[in-house]
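Student: One structure, as structure tokens, below. Some questions next.
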Amino acid sequence: MDTDQMNGAGAQPCSGVQWYYAQYAEALAHRYEGLSFDVLYEEVLPWLPTAPARAADIGAGTGRDAAALARAGYRVTAVEPVREMREVASRLHPEELVWLADALPELNAVRGTFDLLLLSAVWMHLDPDERPVAMARLSELLAEGGRLVVTLRHGRPPRDRRMFDVPAEETAALAAAHGLRPLHASTGGDHLGRDGVHWSRLVFEKPQADTA
Ligand SMILES: C[S@@+](CC[C@H](N)C(=O)[O-])C[C@H]1O[C@@H](n2cnc3c(N)ncnc32)[C@H](O)[C@@H]1O
């Protein structure tokens, strides 16, 4: 099913994007869970810290990536603001994961630091005022030497949920402003085959203090 078309004539305008994910959690699970972690992140895999390491999947959705990381030996915190998504995730993924109900940009409930922060298809939901706040918080949450992976959806945003086509350059500039150095940037098509949608995959690193 194409969820970009799920929002038919009766759908409500949605400023709170989380309403959309709550409404369609079950249907979206079919879409998200059909994608393989190894295929989705093929270009990014060489840049991931070696397991075991502390990973946080922010905006974890149905838990596909958090579960794959846990199976690969990472200690994973999955952060997802939408209860309905967390419920689907806990049903689908028995892997040992810590789930937190929290949201960007503040991520107030997230404690400690991480060797890997994964934001897959989430950054696009933050508005221009939220993105700098979020990047500052992500930089705090990264351990020295830690990696931040961000995927950005490009193309005309759907009208049924708040979404922005955020340029990779803007994201790289924000990361740089918080001392994160770029390790990798690539672009690719949409694994779900949607017309007019393509993606950037970005990896940044928080330098060790003595090399910053
Ligand atoms: C397109 S889905 C991606 C889910 C998962 N990361 C994946 O790649 O399959 C976006 C997810 O981000 C969550 N989300 C929306 N706004 C968020 C925010 N401000 N902070 C964290 N997560 C958010 C949604 O609830 C949803 O689960």
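Chain identifiers are assigned as A, B, and so on, following the order in which chains appear in the structure tokens; residues are numbered from 1 within each chain, and ligands are numbered from 1 in order of appearance.
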For ligand 1, return the neighbouring residues as a list in words (distance at most 7 Å; only C-alpha atoms and all ligand atoms).

Tutor: Val17, Gln18, Tyr21, Tyr32, Ile58, Gly59, Ala60, Gly61, Thr62, Gly63, Arg64, Asp65, Val79, Glu80, Pro81, Val82, Met85, Asp102, Ala103, Leu104, Pro105, Leu119, Ser120, Ala121, Val122, His125 and Leu126 of chain A

Student: I need the helix (DSSP H, G or I) residues of chain A per DSSP on the backbone, written as a PyMOL selection string.

Tutor: chain A and resi 3-5+17-23+25-33+37-40+45-47+64-71+83-92+123-125+130-141+168-177+209-211

Student: Nearest residue to Pro128 of chain A out of A:Pro182, A:Gly16, A:Gly34, A:Pro167, using only C-alpha atoms?

Tutor: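 Counting only C-alpha atoms, the residue closest to Pro128 of chain A is A:Pro167.
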
Student: Of the candidates A:Asp190, A:Glu130, A:Val88, A:Leu138, which shows the shortest atom-to-atom distance to Arg111 of chain A, using only C-alpha atoms?

Tutor: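 Nearest to Arg111 of chain A: A:Leu138.
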
Student: Give me the residues within 10 Å of Ala185 of chain A as a VMD selection string, counting only C-alpha atoms and dropping any in the same chain fewer than 5 places off.

Tutor: chain A and resid 43 to 44 149 to 151 168 172 200 to 204

Student: Take atom CA of Ala53 of chain A and atom CA of Arg75 of chain A and report the distance between them in Å, one decimal.

Tutor: 6.0 Å
